[in-house]
file structure.txt (compact mmCIF, C-alpha atoms and all ligand atoms)
# COMPACT_ATOMS: atom_id res chain seq x y z
CA MET A 29 -52.34 -29.48 -77.27
CA VAL A 30 -50.56 -26.16 -76.88
CA LYS A 31 -49.36 -26.36 -80.46
CA PHE A 32 -52.83 -27.24 -81.58
CA ILE A 33 -54.25 -24.16 -79.88
CA ARG A 34 -51.50 -22.00 -81.34
CA PHE A 35 -52.33 -23.21 -84.82
CA PHE A 36 -55.89 -22.06 -84.54
CA SER A 37 -55.34 -18.87 -82.67
CA SER A 38 -53.51 -15.77 -83.85
CA ASP A 39 -52.14 -14.20 -80.70
CA MET A 40 -51.41 -10.49 -80.88
CA GLY A 41 -49.18 -7.91 -79.33
CA ILE A 42 -50.26 -4.28 -79.51
CA ASP A 43 -48.39 -1.04 -78.85
CA LEU A 44 -50.99 1.63 -78.26
CA GLY A 45 -48.79 4.66 -78.91
CA THR A 46 -49.65 8.34 -78.88
CA ALA A 47 -48.38 8.73 -82.42
CA ASN A 48 -48.57 5.21 -83.87
CA THR A 49 -50.28 1.94 -83.06
CA CYS A 50 -48.40 -1.23 -83.98
CA VAL A 51 -49.71 -4.79 -84.07
CA TYR A 52 -47.64 -7.97 -83.94
CA VAL A 53 -49.17 -11.34 -84.82
CA SER A 54 -47.41 -14.38 -83.40
CA GLY A 55 -45.64 -16.38 -86.04
CA LYS A 56 -45.86 -13.48 -88.49
CA GLY A 57 -44.18 -10.45 -86.93
CA VAL A 58 -45.22 -6.81 -87.14
CA VAL A 59 -48.27 -6.72 -89.40
CA LEU A 60 -49.29 -3.11 -89.10
CA MET A 61 -48.13 0.30 -87.98
CA GLU A 62 -50.61 3.12 -88.45
CA PRO A 63 -51.19 6.55 -86.91
CA SER A 64 -53.28 6.52 -83.71
CA ILE A 65 -55.98 8.69 -85.23
CA VAL A 66 -59.74 8.24 -85.50
CA THR A 67 -62.22 10.41 -87.38
CA MET A 68 -65.78 10.54 -86.08
CA ASN A 69 -69.03 11.99 -87.38
CA LEU A 70 -70.19 14.32 -84.62
CA GLU A 71 -73.87 14.01 -85.53
CA THR A 72 -74.18 10.24 -85.81
CA LYS A 73 -71.22 9.46 -83.48
CA GLU A 74 -70.09 6.98 -86.10
CA ILE A 75 -66.42 6.26 -86.71
CA VAL A 76 -65.57 7.38 -90.22
CA ALA A 77 -61.97 6.22 -90.51
CA VAL A 78 -59.05 4.91 -88.47
CA GLY A 79 -55.27 4.94 -88.91
CA ASN A 80 -53.68 5.90 -92.24
CA GLU A 81 -57.02 6.79 -93.77
CA ALA A 82 -57.90 9.05 -90.82
CA LYS A 83 -54.51 10.77 -90.99
CA ARG A 84 -55.05 11.64 -94.64
CA MET A 85 -58.24 13.44 -93.57
CA LEU A 86 -56.47 15.54 -90.88
CA GLY A 87 -57.07 19.26 -91.30
CA LYS A 88 -59.32 18.61 -94.28
CA THR A 89 -62.50 17.39 -92.61
CA PRO A 90 -65.89 19.09 -93.02
CA SER A 91 -67.28 20.63 -89.86
CA ASN A 92 -69.40 17.63 -88.82
CA ILE A 93 -66.41 15.27 -88.89
CA VAL A 94 -63.68 15.56 -86.27
CA ALA A 95 -60.29 13.91 -86.15
CA MET A 96 -59.26 12.64 -82.72
CA LYS A 97 -56.16 11.24 -81.18
CA PRO A 98 -57.46 8.72 -78.61
CA MET A 99 -54.09 8.58 -76.83
CA LYS A 100 -52.67 11.82 -75.57
CA ASP A 101 -49.60 12.45 -73.44
CA GLY A 102 -49.31 8.72 -72.97
CA VAL A 103 -52.77 8.24 -71.47
CA ILE A 104 -56.17 7.45 -72.91
CA ALA A 105 -57.81 10.77 -73.72
CA ASP A 106 -60.95 9.32 -75.28
CA PHE A 107 -62.15 5.86 -74.23
CA GLU A 108 -64.72 5.51 -76.97
CA ALA A 109 -62.31 6.43 -79.74
CA CYS A 110 -59.64 4.22 -78.20
CA GLY A 111 -62.06 1.29 -78.19
CA ALA A 112 -63.00 1.88 -81.80
CA MET A 113 -59.34 2.01 -82.74
CA LEU A 114 -58.50 -1.21 -80.90
CA ARG A 115 -61.45 -3.05 -82.45
CA TYR A 116 -60.45 -1.86 -85.92
CA PHE A 117 -56.80 -2.82 -85.61
CA ILE A 118 -57.58 -6.21 -84.04
CA SER A 119 -59.99 -7.09 -86.81
CA ARG A 120 -57.50 -5.91 -89.44
CA ALA A 121 -54.77 -8.06 -87.95
CA LYS A 122 -56.85 -11.25 -87.81
CA THR A 123 -56.35 -13.45 -90.82
CA PRO A 124 -59.54 -14.77 -92.43
CA LYS A 125 -58.49 -18.30 -91.46
CA HIS A 126 -58.44 -17.33 -87.83
CA ARG A 127 -61.41 -15.06 -87.80
CA PHE A 128 -63.92 -17.70 -86.82
CA VAL A 129 -61.74 -20.00 -84.79
CA LEU A 130 -60.20 -19.37 -81.39
CA PRO A 131 -60.11 -15.78 -80.11
CA PRO A 132 -56.58 -14.43 -79.62
CA ARG A 133 -54.57 -13.83 -76.49
CA ILE A 134 -53.50 -10.21 -76.57
CA VAL A 135 -50.56 -8.50 -74.91
CA ILE A 136 -50.97 -4.72 -74.81
CA ALA A 137 -48.18 -2.31 -73.93
CA VAL A 138 -49.44 0.57 -71.82
CA PRO A 139 -47.70 3.71 -70.54
CA SER A 140 -46.12 3.19 -67.13
CA GLY A 141 -48.10 6.10 -65.69
CA ILE A 142 -51.50 4.58 -66.48
CA THR A 143 -54.09 4.46 -63.65
CA SER A 144 -55.94 1.32 -62.55
CA VAL A 145 -59.15 2.68 -64.07
CA GLU A 146 -57.37 3.05 -67.39
CA ARG A 147 -55.87 -0.44 -67.11
CA ARG A 148 -59.36 -1.85 -66.65
CA ALA A 149 -60.68 0.18 -69.56
CA VAL A 150 -57.95 -1.11 -71.88
CA ARG A 151 -58.57 -4.68 -70.73
CA ASP A 152 -62.35 -4.46 -71.14
CA THR A 153 -61.99 -2.90 -74.56
CA ALA A 154 -59.67 -5.67 -75.70
CA LEU A 155 -62.04 -8.33 -74.33
CA LYS A 156 -64.97 -6.70 -76.09
CA ALA A 157 -62.91 -6.50 -79.25
CA GLY A 158 -62.62 -10.28 -79.15
CA ALA A 159 -59.61 -11.17 -77.02
CA ARG A 160 -59.61 -14.48 -75.14
CA GLN A 161 -57.02 -13.33 -72.59
CA VAL A 162 -55.47 -9.93 -72.01
CA HIS A 163 -52.05 -9.22 -70.55
CA LEU A 164 -50.83 -5.68 -69.95
CA VAL A 165 -47.15 -4.79 -69.87
CA GLU A 166 -45.54 -1.46 -69.14
CA GLU A 167 -44.03 0.11 -72.22
CA PRO A 168 -40.43 0.43 -70.99
CA MET A 169 -40.40 -3.28 -70.09
CA ALA A 170 -41.81 -4.21 -73.51
CA ALA A 171 -39.22 -1.96 -75.16
CA ALA A 172 -36.40 -3.56 -73.15
CA ILE A 173 -37.55 -7.05 -74.15
CA GLY A 174 -38.05 -5.90 -77.75
CA VAL A 175 -34.53 -4.59 -78.15
CA GLY A 176 -33.14 -7.77 -76.62
CA LEU A 177 -31.85 -6.48 -73.27
CA PRO A 178 -31.23 -9.31 -70.78
CA VAL A 179 -34.12 -8.23 -68.57
CA GLU A 180 -34.29 -11.40 -66.45
CA GLU A 181 -30.63 -11.36 -65.50
CA PRO A 182 -29.38 -9.88 -62.25
CA CYS A 183 -27.76 -6.96 -64.00
CA GLY A 184 -29.01 -3.46 -64.66
CA SER A 185 -30.07 -2.25 -68.11
CA PHE A 186 -31.24 1.26 -68.96
CA ILE A 187 -33.96 1.64 -71.56
CA LEU A 188 -35.04 5.03 -72.89
CA ASP A 189 -38.12 5.27 -75.13
CA ILE A 190 -38.70 8.66 -76.74
CA GLY A 191 -42.13 8.44 -78.37
CA GLY A 192 -44.59 11.03 -79.63
CA GLY A 193 -46.33 12.03 -76.40
CA THR A 194 -44.12 10.56 -73.71
CA THR A 195 -40.53 9.79 -72.96
CA GLU A 196 -40.31 6.76 -70.72
CA MET A 197 -37.18 5.49 -69.12
CA ALA A 198 -36.47 2.60 -66.80
CA VAL A 199 -33.70 0.70 -65.14
CA VAL A 200 -34.61 -2.99 -65.33
CA SER A 201 -33.10 -6.02 -63.64
CA LEU A 202 -34.30 -9.54 -62.75
CA GLY A 203 -37.45 -9.24 -64.84
CA GLY A 204 -38.69 -6.16 -63.06
CA ILE A 205 -38.57 -2.39 -63.27
CA VAL A 206 -36.27 -1.03 -60.56
CA LEU A 207 -36.79 2.64 -61.35
CA THR A 208 -38.94 4.34 -63.93
CA LYS A 209 -39.84 7.82 -65.01
CA SER A 210 -42.34 9.04 -67.54
CA LEU A 211 -42.16 12.55 -68.99
CA ARG A 212 -44.88 14.15 -71.05
CA VAL A 213 -42.19 15.59 -73.26
CA ALA A 214 -41.24 13.82 -76.49
CA GLY A 215 -41.63 14.10 -80.28
CA ASN A 216 -44.79 16.22 -80.25
CA GLU A 217 -43.16 18.70 -77.92
CA MET A 218 -40.19 18.94 -80.31
CA ASP A 219 -42.60 19.73 -83.17
CA GLN A 220 -44.24 22.42 -81.05
CA ALA A 221 -40.83 23.90 -80.17
CA ILE A 222 -40.05 24.17 -83.91
CA ILE A 223 -43.41 25.87 -84.56
CA ASP A 224 -42.74 28.38 -81.75
CA TYR A 225 -39.17 29.07 -82.88
CA ILE A 226 -40.15 29.78 -86.50
CA LYS A 227 -43.07 31.91 -85.39
CA LYS A 228 -40.88 34.02 -83.14
CA LYS A 229 -37.89 34.35 -85.45
CA TYR A 230 -39.60 34.66 -88.84
CA ASN A 231 -43.17 35.68 -88.01
CA LEU A 232 -44.16 32.60 -89.95
CA LEU A 233 -46.91 30.20 -88.95
CA ILE A 234 -46.31 26.56 -89.90
CA GLY A 235 -48.49 23.48 -89.27
CA GLU A 236 -47.73 20.43 -87.14
CA ARG A 237 -47.05 18.21 -90.11
CA THR A 238 -44.52 20.68 -91.52
CA ALA A 239 -42.83 20.95 -88.13
CA GLU A 240 -42.49 17.16 -87.96
CA GLU A 241 -41.03 17.08 -91.49
CA ILE A 242 -38.47 19.70 -90.50
CA LYS A 243 -37.51 17.69 -87.41
CA ILE A 244 -37.15 14.46 -89.39
CA ASN A 245 -35.24 16.05 -92.29
CA ILE A 246 -32.87 18.49 -90.63
CA GLY A 247 -33.47 18.21 -86.88
CA SER A 248 -30.51 17.22 -84.71
CA ALA A 249 -29.37 17.07 -81.11
CA PHE A 250 -25.65 17.40 -81.76
CA PRO A 251 -23.59 19.36 -84.35
CA LEU A 252 -23.68 17.60 -87.72
CA GLU A 253 -20.64 16.90 -89.86
CA GLU A 254 -22.40 18.75 -92.61
CA GLU A 255 -25.10 21.16 -91.52
CA LEU A 256 -28.33 21.09 -93.56
CA THR A 257 -30.88 23.58 -94.86
CA MET A 258 -34.53 23.30 -95.82
CA GLU A 259 -37.10 25.54 -97.48
CA VAL A 260 -40.21 25.89 -95.35
CA ASN A 261 -43.63 27.15 -96.39
CA GLY A 262 -46.07 28.77 -94.01
CA ARG A 263 -48.27 31.80 -93.58
CA SER A 264 -46.73 35.14 -92.76
CA LEU A 265 -48.14 36.63 -89.59
CA VAL A 266 -47.34 40.10 -90.92
CA GLU A 267 -48.98 40.06 -94.36
CA GLY A 268 -51.23 37.07 -93.78
CA LEU A 269 -50.00 35.56 -97.05
CA PRO A 270 -48.15 32.33 -97.88
CA LYS A 271 -44.40 32.77 -97.52
CA MET A 272 -41.25 30.64 -97.80
CA VAL A 273 -38.14 30.85 -95.63
CA LYS A 274 -34.91 28.89 -95.71
CA ILE A 275 -33.90 27.44 -92.34
CA THR A 276 -30.77 25.66 -91.16
CA SER A 277 -30.10 22.65 -88.97
CA GLU A 278 -28.26 24.93 -86.50
CA GLU A 279 -31.49 26.88 -85.99
CA ILE A 280 -33.54 23.75 -85.42
CA ARG A 281 -30.96 22.49 -82.94
CA GLU A 282 -31.42 25.73 -81.05
CA ALA A 283 -35.20 25.25 -81.18
CA LEU A 284 -34.94 21.71 -79.75
CA LYS A 285 -32.46 22.60 -77.03
CA GLU A 286 -34.94 23.14 -74.20
CA THR A 287 -36.96 19.97 -74.90
CA LEU A 288 -33.81 17.87 -75.10
CA SER A 289 -32.44 19.30 -71.89
CA GLN A 290 -35.63 18.24 -70.07
CA ILE A 291 -35.07 14.68 -71.28
CA ILE A 292 -31.39 14.78 -70.27
CA ASN A 293 -32.28 16.08 -66.80
CA ALA A 294 -34.73 13.25 -66.26
CA ILE A 295 -32.07 10.71 -67.28
CA ARG A 296 -29.62 12.30 -64.86
CA ASN A 297 -32.18 12.19 -62.04
CA ILE A 298 -32.89 8.52 -62.54
CA LEU A 299 -29.16 7.74 -62.72
CA GLU A 300 -28.66 9.54 -59.42
CA GLU A 301 -31.29 7.35 -57.80
CA THR A 302 -29.96 4.08 -59.22
CA PRO A 303 -28.50 1.75 -56.55
CA PRO A 304 -24.68 1.60 -56.86
CA GLU A 305 -24.49 -2.07 -57.92
CA LEU A 306 -26.82 -1.46 -60.82
CA ALA A 307 -25.21 1.89 -61.64
CA SER A 308 -21.90 0.13 -62.17
CA ASP A 309 -23.59 -2.27 -64.64
CA LEU A 310 -24.74 0.75 -66.62
CA ILE A 311 -21.19 1.99 -67.14
CA GLU A 312 -20.66 -1.06 -69.30
CA ARG A 313 -24.14 -1.71 -70.64
CA GLY A 314 -25.01 1.94 -71.23
CA VAL A 315 -28.33 3.38 -72.36
CA THR A 316 -30.39 1.84 -75.17
CA ILE A 317 -32.76 4.23 -76.96
CA ALA A 318 -36.02 3.13 -78.58
CA GLY A 319 -39.06 5.01 -79.93
CA GLY A 320 -39.16 7.39 -82.89
CA GLY A 321 -37.04 9.92 -80.98
CA ALA A 322 -34.08 7.53 -81.25
CA LEU A 323 -34.01 8.51 -84.94
CA LEU A 324 -33.26 12.17 -84.19
CA LYS A 325 -29.80 12.85 -85.59
CA GLY A 326 -27.09 13.01 -82.94
CA ILE A 327 -29.36 12.10 -80.01
CA ASP A 328 -26.97 9.28 -79.04
CA LYS A 329 -23.98 11.64 -79.05
CA LEU A 330 -25.76 14.23 -76.91
CA ILE A 331 -26.92 11.72 -74.29
CA SER A 332 -23.52 10.09 -74.21
CA GLN A 333 -21.81 13.45 -73.72
CA GLU A 334 -24.19 14.47 -70.95
CA THR A 335 -24.26 11.17 -69.01
CA LYS A 336 -20.75 9.86 -69.77
CA LEU A 337 -22.36 6.51 -70.60
CA PRO A 338 -22.23 4.60 -73.87
CA VAL A 339 -25.50 5.01 -75.82
CA PHE A 340 -26.96 2.52 -78.29
CA PRO A 341 -29.86 3.44 -80.57
CA ALA A 342 -32.08 0.37 -81.05
CA GLU A 343 -32.41 -1.21 -84.43
CA ASP A 344 -35.82 -0.32 -85.85
CA PRO A 345 -36.71 1.80 -82.80
CA LEU A 346 -40.32 2.48 -83.86
CA THR A 347 -41.26 -1.19 -83.45
CA ALA A 348 -39.22 -1.99 -80.32
CA VAL A 349 -42.23 -1.98 -77.98
CA VAL A 350 -44.48 -4.08 -80.21
CA ARG A 351 -41.68 -6.57 -80.92
CA GLY A 352 -41.35 -6.87 -77.14
CA THR A 353 -45.03 -7.78 -76.81
CA GLY A 354 -44.50 -10.32 -79.60
CA LYS A 355 -41.58 -11.95 -77.79
CA MET A 356 -43.72 -12.14 -74.67
CA LEU A 357 -46.31 -14.15 -76.60
CA GLU A 358 -43.82 -16.44 -78.23
CA GLU A 359 -41.65 -17.15 -75.19
CA SER A 360 -43.89 -18.46 -72.46
CA LYS A 361 -41.56 -17.51 -69.59
CA TYR A 362 -42.56 -13.89 -70.01
CA LEU A 363 -46.32 -14.32 -69.79
CA LYS A 364 -45.99 -16.05 -66.44
CA GLU A 365 -44.39 -12.90 -65.11
CA PHE A 366 -47.13 -10.70 -66.48
CA PRO A 367 -50.29 -12.55 -65.41
CA ARG A 368 -53.49 -11.90 -67.24
CA GLU A 369 -55.63 -9.00 -66.09
N1 LIG B 401 -36.27 10.45 -88.13
C1 LIG B 401 -36.86 10.97 -87.05
N2 LIG B 401 -36.25 11.95 -86.32
C2 LIG B 401 -36.85 12.46 -85.24
N3 LIG B 401 -38.05 12.09 -84.77
C3 LIG B 401 -38.71 11.12 -85.46
C4 LIG B 401 -38.16 10.50 -86.61
N4 LIG B 401 -39.06 9.59 -87.08
C5 LIG B 401 -40.12 9.64 -86.24
N5 LIG B 401 -39.92 10.55 -85.26
C6 LIG B 401 -40.85 10.95 -84.20
O1 LIG B 401 -41.11 9.84 -83.35
C7 LIG B 401 -42.40 10.03 -82.75
C8 LIG B 401 -43.19 8.75 -82.86
O2 LIG B 401 -42.50 7.74 -82.21
P1 LIG B 401 -43.24 6.43 -81.67
O3 LIG B 401 -43.99 5.77 -82.74
O4 LIG B 401 -42.20 5.67 -80.93
O5 LIG B 401 -44.28 7.11 -80.64
P2 LIG B 401 -45.51 6.43 -79.92
O6 LIG B 401 -45.10 5.10 -79.42
O7 LIG B 401 -46.69 6.47 -80.80
O8 LIG B 401 -45.75 7.46 -78.73
P3 LIG B 401 -45.75 7.21 -77.15
O9 LIG B 401 -44.74 6.15 -76.87
O10 LIG B 401 -45.39 8.55 -76.59
O11 LIG B 401 -47.14 6.82 -76.83
C9 LIG B 401 -43.09 11.18 -83.49
O12 LIG B 401 -43.03 12.34 -82.70
C10 LIG B 401 -42.21 11.33 -84.73
O13 LIG B 401 -42.21 12.66 -85.20
MG MG B 402 -44.30 4.34 -77.69
call {"tool": "encode", "arguments": {"input": "structure.txt", "output": "structure tokens"}}
result
Amino acid sequence: MVKFIRFFSSDMGIDLGTANTCVYVSGKGVVLMEPSIVTMNLETKEIVAVGNEAKRMLGKTPSNIVAMKPMKDGVIADFEACGAMLRYFISRAKTPKHRFVLPPRIVIAVPSGITSVERRAVRDTALKAGARQVHLVEEPMAAAIGVGLPVEEPCGSFILDIGGGTTEMAVVSLGGIVLTKSLRVAGNEMDQAIIDYIKKKYNLLIGERTAEEIKINIGSAFPLEEELTMEVNGRSLVEGLPKMVKITSEEIREALKETLSQIINAIRNILEETPPELASDLIERGVTIAGGGALLKGIDKLISQETKLPVFPAEDPLTAVVRGTGKMLEESKYLKEFPRE
């Protein structure tokens, strides 16, 4: 019977991220990863575009169309836009075969700092969008399951997820979160730090997308074997005209220093609070990093130097959380621990 139901239902796991939303369909894997952006017509209140299409419109919309990020700093900033986004991604992920059969069970990863009102809003939205059952899981737990940490065993694992809006970290053991911390400092803050640095040093104004490109191309947390340079275009604050400057990876490291030290401090704090038995597990098992921030060059070396623990960047860190929700759907032991809402 269970198999029969599975055949007709396409269960889904969703990571509602600040920067990207990912959807996993059971039996298929990760089927989509698109920016968490919605564009809306202010006059008619209609949704114009979602995801990739909405991102392409960013900064280029006429005045009656606004681009919105429904998730901000790890929480839901706009319920209506969030609902529209969920409905769109759920309908995109459904295969035509499944569309008219049994509604899916959906596991949604939510930030660990989410309030009970927000939990209910996410659940109701998913039910309205056509879910048969909704399970919510905290992001660090989903990330830990996604990267394959032995979360149910009586031994401590440390998971660090550096996303766009939030950095979440947790010590997990025996299927539960022992300690957790969520910082509203992550990838977006790094982009902003690059914008501020270039503005101050070169009197040059650059956009968010350029700042992110700089971070991805030449950004680093630890000295590189070969330092890099990049030509950057912006608008001069002196002449008001377009201008190009050449910047180095050393400069960007300087720009990112403050943001990274906030993340390191939070890791240190949580390590200081970890019960001794679990702390000794961490000496061996170290810190596993997920989220887009795990891709920052040298982040593993910096964290390892500052915590004296081994650090392991996850494979495919951008999909760690959504793969965790997928495993929860496919291995029934997990769903029992995260009862439906
Ligand atoms: N190669 C890279 N180097 C540094 N940062 C990167 C790289 N690739 C992506 N990022 C950053 O990772 C962030 C997105 O990561 P991710 O998709 O894990 O966030 P999210 O899950 O949407 O956000 P959150 O978990 O905060 O809700 C963005 O800030 C992006 O700029
Ligand atoms: Mg995330």
call {"tool": "residues_near_ligand", "arguments": {"input": "structure.txt", "ligand": "ligand MG 402 (chain B)", "cutoff": "8 Å", "atoms": "only C-alpha atoms and all ligand atoms", "output": "ChimeraX atom specification"}}
result
/A:43-48,139,167,189-192,194,319-320,346,349
call {"tool": "closest_residue", "arguments": {"input": "structure.txt", "among": "A:Gly41, A:Gly262, A:Gly57, A:Pro168", "to": "ligand LIG 401 (chain B)", "atoms": "all atoms listed in the file"}}
result
A:Pro168
call {"tool": "residues_near_ligand", "arguments": {"input": "structure.txt", "ligand": "ligand LIG 401 (chain B)", "cutoff": "9 Å", "atoms": "only C-alpha atoms and all ligand atoms", "output": "JSON, numbers by chain"}}
result
{"A": [43, 44, 45, 46, 47, 48, 49, 50, 61, 63, 64, 99, 100, 101, 102, 103, 138, 139, 167, 189, 190, 191, 192, 193, 194, 195, 196, 212, 213, 214, 215, 216, 217, 218, 219, 237, 239, 240, 241, 243, 244, 245, 246, 247, 248, 318, 319, 320, 321, 322, 323, 324, 325, 345, 346, 347, 348, 349]}
call {"tool": "closest_residue", "arguments": {"input": "structure.txt", "among": "A:Val199, A:Leu284, A:Leu330, A:Ile42", "to": "Thr302 (chain A)", "atoms": "only C-alpha atoms"}}
result
A:Val199
call {"tool": "residues_around", "arguments": {"input": "structure.txt", "residues": "region 221-232 of chain A", "least_positions_apart": "3", "cutoff": "9 Å", "atoms": "all atoms listed in the file", "output": "PyMOL selection string"}}
result
chain A and resi 216-218+235-236+238-240+242-243+261-266+270-273+275+279-280+282-284+286-287
call {"tool": "write_last_selection", "arguments": {"input": "structure.txt", "atoms": "C-alpha atoms", "output": "PDB file, keeping the file's coordinate frame"}}
result
ATOM      1  CA  ASN A 216     -44.790  16.220 -80.250  1.00  0.00           C
ATOM      2  CA  GLU A 217     -43.160  18.700 -77.920  1.00  0.00           C
ATOM      3  CA  MET A 218     -40.190  18.940 -80.310  1.00  0.00           C
ATOM      4  CA  GLY A 235     -48.490  23.480 -89.270  1.00  0.00           C
ATOM      5  CA  GLU A 236     -47.730  20.430 -87.140  1.00  0.00           C
ATOM      6  CA  THR A 238     -44.520  20.680 -91.520  1.00  0.00           C
ATOM      7  CA  ALA A 239     -42.830  20.950 -88.130  1.00  0.00           C
ATOM      8  CA  GLU A 240     -42.490  17.160 -87.960  1.00  0.00           C
ATOM      9  CA  ILE A 242     -38.470  19.700 -90.500  1.00  0.00           C
ATOM     10  CA  LYS A 243     -37.510  17.690 -87.410  1.00  0.00           C
ATOM     11  CA  ASN A 261     -43.630  27.150 -96.390  1.00  0.00           C
ATOM     12  CA  GLY A 262     -46.070  28.770 -94.010  1.00  0.00           C
ATOM     13  CA  ARG A 263     -48.270  31.800 -93.580  1.00  0.00           C
ATOM     14  CA  SER A 264     -46.730  35.140 -92.760  1.00  0.00           C
ATOM     15  CA  LEU A 265     -48.140  36.630 -89.590  1.00  0.00           C
ATOM     16  CA  VAL A 266     -47.340  40.100 -90.920  1.00  0.00           C
ATOM     17  CA  PRO A 270     -48.150  32.330 -97.880  1.00  0.00           C
ATOM     18  CA  LYS A 271     -44.400  32.770 -97.520  1.00  0.00           C
ATOM     19  CA  MET A 272     -41.250  30.640 -97.800  1.00  0.00           C
ATOM     20  CA  VAL A 273     -38.140  30.850 -95.630  1.00  0.00           C
ATOM     21  CA  ILE A 275     -33.900  27.440 -92.340  1.00  0.00           C
ATOM     22  CA  GLU A 279     -31.490  26.880 -85.990  1.00  0.00           C
ATOM     23  CA  ILE A 280     -33.540  23.750 -85.420  1.00  0.00           C
ATOM     24  CA  GLU A 282     -31.420  25.730 -81.050  1.00  0.00           C
ATOM     25  CA  ALA A 283     -35.200  25.250 -81.180  1.00  0.00           C
ATOM     26  CA  LEU A 284     -34.940  21.710 -79.750  1.00  0.00           C
ATOM     27  CA  GLU A 286     -34.940  23.140 -74.200  1.00  0.00           C
ATOM     28  CA  THR A 287     -36.960  19.970 -74.900  1.00  0.00           C
TER      29      THR A 287
END
call {"tool": "closest_residue", "arguments": {"input": "structure.txt", "among": "A:Cys110, A:Ile118, A:Met258, A:Val162", "to": "Thr276 (chain A)", "atoms": "only C-alpha atoms"}}
result
A:Met258
call {"tool": "atom_distance", "arguments": {"input": "structure.txt", "atom1": "CA of Ile205 (chain A)", "atom2": "CA of Glu358 (chain A)"}}
result
21.2 Å
call {"tool": "residues_around", "arguments": {"input": "structure.txt", "residues": "Leu86 (chain A)", "least_positions_apart": "5", "cutoff": "9 Å", "atoms": "only C-alpha atoms", "output": "PDB file with C-alpha atoms, in the coordinates of the input"}}
result
ATOM      1  CA  ILE A  65     -55.980   8.690 -85.230  1.00  0.00           C
ATOM      2  CA  THR A  67     -62.220  10.410 -87.380  1.00  0.00           C
ATOM      3  CA  VAL A  94     -63.680  15.560 -86.270  1.00  0.00           C
ATOM      4  CA  ALA A  95     -60.290  13.910 -86.150  1.00  0.00           C
TER       5      ALA A  95
END
call {"tool": "atom_distance", "arguments": {"input": "structure.txt", "atom1": "CA of Arg351 (chain A)", "atom2": "CA of Ala121 (chain A)"}}
result
14.9 Å
call {"tool": "atom_distance", "arguments": {"input": "structure.txt", "atom1": "CA of Ile93 (chain A)", "atom2": "CA of Val260 (chain A)"}}
result
29.0 Å
